[in-house]
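S.K.: Supplied in structure tokens, the structure appears directly below.
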Amino acid sequence: MDARELRFAVEELQHAYVHCIDSDRLEEWPDFFTDPCLYQVTTRENVEQGLPVAVIYCDSQGMLRDRIVALRQANIYGPHTYRHMVSAIRVTRSDSNVVTAESNYTVYRTRLDPIDYGSSELYSVGMYRDTIVIEKGVARFREKMVLVDTARILSLLVTPL
Amino acid sequence: MDARELRFAVEELQHAYVHCIDSDRLEEWPDFFTDPCLYQVTTRENVEQGLPVAVIYCDSQGMLRDRIVALRQANIYGPHTYRHMVSAIRVTRSDSNVVTAESNYTVYRTRLDPIDYGSSELYSVGMYRDTIVIEKGVARFREKMVLVDTARILSLLVTPL
Amino acid sequence: MDARELRFAVEELQHAYVHCIDSDRLEEWPDFFTDPCLYQVTTRENVEQGLPVAVIYCDSQGMLRDRIVALRQANIYGPHTYRHMVSAIRVTRSDSNVVTAESNYTVYRTRLDPIDYGSSELYSVGMYRDTIVIEKGVARFREKMVLVDTARILSLLVTPL
């Protein structure tokens with residue numbers, strides 16, 4: 001694939017990924033990853049200092065599914081929806097069917113509780129660093145690093161970024 | 001058209017559309033639609049519950065023009081400008097010259113009144129669900145659904161989303 | 001180059017540009033411009049009224065480098081990072097190897113001081129109006145106009161937009 005085809009494929013994956021989350025089709029979210037995989041949410045500061053502990057760490061589709069089951073059945077949190085914006089998607093390397101890419105994101109959270117119903121706020125700003133595998137025309141995340149600038153996370157992080 | 005050409009065409013339309021509004025060339029805004037057409041601003045909640053009433057409902061270019069005439073001559077509101085961001089533009093179906101697409105948007109409002117002059121704030125977050133017709137190389141919205149997450153609309157909605 | 005190749009080239013440049021700033025590789029920032037060049041940050045209002053004075057005015061790579069030296073060694077400001085989102089990138093004209101383009105941007109600032117560490121806020125909203133020269137496959141800004149809607153600049157403008 002040439003540079004344009006590669007970026008197109010990465011964009012298609014990213015766009016499908018964020019619409020999946022924003023439409024609350026979270027049960028499909030693990031399917032965007034290979035198995036095993038690596039999904040981490042960590043702070044920009046930790047990465048720059050080489051500190052390995054992440055806010056969220058999942059290394060299999062099973063662990064990803066577990067997060068959604070927890071979200072649906074166990075976690076207690078104020079009802080809300082997300083809206084992701086992704087920008088500046090950039091392929092940084094490609095080697096046969098493996099592509100690394102970076103992009104900037106912002107996530108807005110809209111409250112659904114009776115007090116603040118329908119009010120939106122900036123929830124998280126940061127970047128994605130992704131390793132994507134393309135097999136039989138299907139692109140999946142082998143690794144998705146979410147590096148948040150917004151280290152001060154509002155209330156809690158339950159819906160994936 | 002292949003998948004890349006289709007998305008390119010949809011992006012070109014969306015980008016021209018938002019620059020038209022953000023540059024205050026609102027008299028050209030109805031030209032982005034077919035006639036008849038359907039332009040609705042509604043809440044995500046209403047759509048999910050199948051409730052038909054929209055915040056804004058226009059089904060012809062004439063009704064769109066009427067909104068702009070009202071905005072220029074009749075409506076009373078604090079002076080402001082908009083800035084749209086559109087992301088994750090995704091073709092969801094295409095059938096000969098008709099394309100459906102979805103995308104996420106955020107709109108920032110900058111105040112121009114003497115008190116808050118030049119201060120920007122998040123105004124609306126949501127998604128577009130569009131049906132686009134491509135005729136003789138020109139793409140137009142046959143239907144544009146603006147599904148706002150931000151059901152709590154700040155002050156009022158006068159400039160189109 | 002056809003319309004798609006042109007926009008692809010412009011997007012690649014814009015995306016590399018914002019990742020350069022957001023990753024704090026500011027010493028590389030002047031390399032995105034030709035020499036001489038024109039980099040201006042000004043307000044939408046000034047441009048609409050034909051007022052020539054800009055918030056920032058640099059017309060050579062040397063002046064751009066000077067800003068970064070000042071930022072690193074002389075300016076006093078609260079530590080922070082930026083995150084740029086760019087959207088609606090649109091080629092408005094192209095003539096052999098010179099392209100003009102416009103796009104919308106938002107910049108979020110995340111504070112790194114001990115009091116507000118890790119909190120993100122909307123910092124600036126506006127548009128880019130660029131003139132880009134493509135020579136030997138390398139695209140550079142001959143002119144970059146940053147037209148801010150957010151005329152009320154938070155605290156100060158030290159990191160480039």
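Order determines the names: the first chain of the structure tokens is A, the second B, and so forth; residues in each chain are numbered 1 upward, and ligands are numbered 1 upward as they are shown.
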Counting only C-alpha atoms, which residues of chain A fall within 9 Å of chain B, and what is the closest atom pair for each with its distance in Å at one decimal, ordered by chain and rising number, as CSV?
M.R.:
```
residue,atom,partner,partner_atom,distance
A:Glu5,CA,B:Arg4,CA,8.4
A:Phe8,CA,B:Arg4,CA,7.3
A:Glu11,CA,B:Ala88,CA,7.8
A:Glu12,CA,B:Arg90,CA,7.4
A:Gln14,CA,B:Ala88,CA,7.5
A:His15,CA,B:Ala88,CA,4.5
A:Ala16,CA,B:Arg90,CA,7.6
A:Val18,CA,B:Ala88,CA,7.5
A:His19,CA,B:Ala88,CA,7.7
A:Thr81,CA,B:Asp149,CA,7.8
A:Tyr82,CA,B:Asp149,CA,8.7
A:Arg83,CA,B:Gly126,CA,6.9
A:His84,CA,B:Asn104,CA,7.3
A:Met85,CA,B:Ser87,CA,5.5
A:Val86,CA,B:Ser87,CA,6.0
A:Ser87,CA,B:Ser87,CA,7.0
A:Tyr108,CA,B:Val125,CA,7.5
A:Arg109,CA,B:Asp149,CA,8.9
A:Thr110,CA,B:Asp149,CA,6.4
A:Arg111,CA,B:Thr150,CA,8.7
A:Asp116,CA,B:Arg152,CA,8.5
A:Tyr117,CA,B:Arg152,CA,7.1
A:Gly118,CA,B:Ala151,CA,4.4
A:Ser119,CA,B:Thr150,CA,5.4
A:Ser120,CA,B:Thr150,CA,5.6
A:Glu121,CA,B:Leu122,CA,7.5
A:Leu122,CA,B:Leu122,CA,8.3
```
S.K.: Got time to write the residues from that selection, C-alpha atoms, as a compact mmCIF listing (two decimals), in the first residue's frame?
M.R.:
```txt
# COMPACT_ATOMS: atom_id res chain seq x y z
CA GLU A 5 -3.78 3.99 1.14
CA PHE A 8 -6.83 5.87 4.64
CA GLU A 11 -8.27 6.63 9.49
CA GLU A 12 -11.04 4.15 8.72
CA GLN A 14 -9.80 5.14 14.07
CA HIS A 15 -13.12 6.54 12.90
CA ALA A 16 -14.92 3.23 13.31
CA VAL A 18 -14.57 6.25 18.06
CA HIS A 19 -18.05 5.86 16.61
CA THR A 81 -21.93 9.90 26.92
CA TYR A 82 -18.63 10.55 25.17
CA ARG A 83 -17.85 12.29 21.93
CA HIS A 84 -14.37 11.75 20.46
CA MET A 85 -12.58 14.01 18.04
CA VAL A 86 -9.48 12.61 16.35
CA SER A 87 -7.10 14.77 14.37
CA TYR A 108 -16.08 15.54 25.51
CA ARG A 109 -18.34 14.16 28.16
CA THR A 110 -22.03 14.99 28.27
CA ARG A 111 -23.78 14.46 31.57
CA ASP A 116 -26.53 18.54 34.75
CA TYR A 117 -28.49 16.79 32.03
CA GLY A 118 -27.26 17.64 28.53
CA SER A 119 -24.28 19.77 29.50
CA SER A 120 -21.01 18.95 27.76
CA GLU A 121 -17.49 19.50 28.99
CA LEU A 122 -13.95 18.79 27.92
```
S.K.: Give me, as an mmCIF file with all heavy atoms, in the first residue's frame, all polymer residues having an atom no more than 8 Å from C:Thr100, counting only C-alpha atoms and skipping those fewer than 3 positions away in the same chain.
M.R.:
```cif
data_model
loop_
_atom_site.group_PDB
_atom_site.id
_atom_site.type_symbol
_atom_site.label_atom_id
_atom_site.label_comp_id
_atom_site.auth_asym_id
_atom_site.auth_seq_id
_atom_site.Cartn_x
_atom_site.Cartn_y
_atom_site.Cartn_z
ATOM 1 N N VAL C 91 -8.091 22.857 0.326
ATOM 2 C CA VAL C 91 -7.270 23.539 -0.672
ATOM 3 C C VAL C 91 -8.146 24.576 -1.357
ATOM 4 O O VAL C 91 -9.217 24.250 -1.871
ATOM 5 C CB VAL C 91 -6.700 22.532 -1.694
ATOM 6 C CG1 VAL C 91 -6.006 23.259 -2.835
ATOM 7 C CG2 VAL C 91 -5.741 21.567 -1.006
ATOM 8 N N THR C 92 -7.718 25.828 -1.339
ATOM 9 C CA THR C 92 -8.541 26.879 -1.938
ATOM 10 C C THR C 92 -8.021 27.307 -3.302
ATOM 11 O O THR C 92 -8.752 27.906 -4.075
ATOM 12 C CB THR C 92 -8.636 28.100 -1.005
ATOM 13 O OG1 THR C 92 -7.313 28.427 -0.549
ATOM 14 C CG2 THR C 92 -9.507 27.797 0.191
ATOM 15 N N ARG C 93 -6.746 27.028 -3.591
ATOM 16 C CA ARG C 93 -6.186 27.347 -4.894
ATOM 17 C C ARG C 93 -4.885 26.602 -5.047
ATOM 18 O O ARG C 93 -4.188 26.361 -4.060
ATOM 19 C CB ARG C 93 -5.935 28.859 -5.009
ATOM 20 C CG ARG C 93 -5.882 29.349 -6.453
ATOM 21 C CD ARG C 93 -5.941 30.867 -6.518
ATOM 22 N NE ARG C 93 -5.030 31.470 -5.559
ATOM 23 C CZ ARG C 93 -5.013 32.776 -5.273
ATOM 24 N NH1 ARG C 93 -5.869 33.594 -5.844
ATOM 25 N NH2 ARG C 93 -4.150 33.265 -4.409
ATOM 26 N N SER C 94 -4.545 26.240 -6.304
ATOM 27 C CA SER C 94 -3.224 25.654 -6.531
ATOM 28 C C SER C 94 -2.740 26.088 -7.901
ATOM 29 O O SER C 94 -3.512 26.175 -8.850
ATOM 30 C CB SER C 94 -3.270 24.134 -6.427
ATOM 31 O OG SER C 94 -3.884 23.588 -7.557
ATOM 32 N N ARG C 129 -4.714 30.198 7.527
ATOM 33 C CA ARG C 129 -4.727 30.481 6.088
ATOM 34 C C ARG C 129 -3.288 30.369 5.629
ATOM 35 O O ARG C 129 -2.448 31.181 6.029
ATOM 36 C CB ARG C 129 -5.238 31.887 5.802
ATOM 37 C CG ARG C 129 -6.723 31.922 5.636
ATOM 38 C CD ARG C 129 -7.190 33.204 4.940
ATOM 39 N NE ARG C 129 -8.575 33.423 5.316
ATOM 40 C CZ ARG C 129 -9.113 34.602 5.552
ATOM 41 N NH1 ARG C 129 -8.373 35.706 5.430
ATOM 42 N NH2 ARG C 129 -10.367 34.711 5.907
ATOM 43 N N ASP C 130 -3.016 29.354 4.823
ATOM 44 C CA ASP C 130 -1.634 29.011 4.499
ATOM 45 C C ASP C 130 -1.339 29.112 3.015
ATOM 46 O O ASP C 130 -2.189 28.813 2.180
ATOM 47 C CB ASP C 130 -1.347 27.569 4.939
ATOM 48 C CG ASP C 130 -1.557 27.383 6.427
ATOM 49 O OD1 ASP C 130 -1.111 28.255 7.194
ATOM 50 O OD2 ASP C 130 -2.184 26.374 6.807
ATOM 51 N N THR C 131 -0.124 29.518 2.723
ATOM 52 C CA THR C 131 0.413 29.385 1.376
ATOM 53 C C THR C 131 1.600 28.429 1.474
ATOM 54 O O THR C 131 2.531 28.667 2.253
ATOM 55 C CB THR C 131 0.881 30.738 0.815
ATOM 56 O OG1 THR C 131 -0.214 31.655 0.895
ATOM 57 C CG2 THR C 131 1.329 30.600 -0.635
ATOM 58 N N ILE C 132 1.507 27.351 0.720
ATOM 59 C CA ILE C 132 2.449 26.240 0.852
ATOM 60 C C ILE C 132 3.191 26.066 -0.456
ATOM 61 O O ILE C 132 2.584 26.098 -1.532
ATOM 62 C CB ILE C 132 1.663 24.952 1.214
ATOM 63 C CG1 ILE C 132 1.051 25.112 2.609
ATOM 64 C CG2 ILE C 132 2.555 23.715 1.130
ATOM 65 C CD1 ILE C 132 -0.082 24.165 2.894
#
```
S.K.: Rank nothing, just name the residue among C:Ala101, C:Leu13, C:Leu64, C:Val53 nearest to C:Trp29, using only C-alpha atoms.
M.R.: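 Using only C-alpha atoms, C:Trp29 sits closest to C:Leu64.
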S.K.: In Å, how far is it from atom CA of C:Val55 to atom CA of B:Ile21?
M.R.: 25.4 Å
S.K.: Report as number ranges by chain: the residues of chain C with a DSSP assignment of alpha helix (DSSP H), based on the backbone of this structure.
M.R.: C: 3-22, 44-48, 61-69
S.K.: Take the selection from the previous step and output its residues with C-alpha atoms, as a short mmCIF file (atom, residue, chain, number, x, y, z; two decimals), in the first residue's frame.
M.R.:
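Output contents, as saved in selection.cif:
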```
data_model
loop_
_atom_site.label_atom_id
_atom_site.label_comp_id
_atom_site.auth_asym_id
_atom_site.auth_seq_id
_atom_site.Cartn_x
_atom_site.Cartn_y
_atom_site.Cartn_z
CA ALA C 3 -7.26 17.38 -5.89
CA ARG C 4 -6.82 14.34 -3.65
CA GLU C 5 -3.04 14.32 -3.85
CA LEU C 6 -2.93 18.03 -3.08
CA ARG C 7 -5.09 17.75 -0.02
CA PHE C 8 -3.12 14.73 1.12
CA ALA C 9 0.13 16.73 0.87
CA VAL C 10 -1.37 19.67 2.76
CA GLU C 11 -2.74 17.38 5.48
CA GLU C 12 0.61 15.63 5.88
CA LEU C 13 2.29 18.99 6.40
CA GLN C 14 -0.32 20.26 8.85
CA HIS C 15 -0.27 17.04 10.85
CA ALA C 16 3.53 16.95 11.08
CA TYR C 17 3.48 20.65 12.07
CA VAL C 18 1.10 20.17 15.00
CA HIS C 19 2.80 17.01 16.26
CA CYS C 20 6.11 18.91 16.23
CA ILE C 21 4.70 21.60 18.52
CA ASP C 22 2.66 19.28 20.73
CA ARG C 44 -10.02 37.67 12.87
CA GLU C 45 -11.24 41.18 13.62
CA ASN C 46 -7.99 42.81 12.49
CA VAL C 47 -8.01 40.88 9.23
CA GLU C 48 -11.65 41.71 8.51
CA GLN C 61 13.46 31.44 9.77
CA GLY C 62 15.82 33.47 11.94
CA MET C 63 12.93 35.33 13.57
CA LEU C 64 11.16 32.01 14.14
CA ARG C 65 14.28 30.56 15.78
CA ASP C 66 14.56 33.66 17.91
CA ARG C 67 11.11 33.02 19.33
CA ILE C 68 12.09 29.51 20.38
CA VAL C 69 15.34 30.71 21.95
#
```
S.K.: Work out how far atom CA of C:Val41 is from atom CA of C:Tyr128, in Å to one decimal.
M.R.: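 These two atoms are separated by 9.4 Å.
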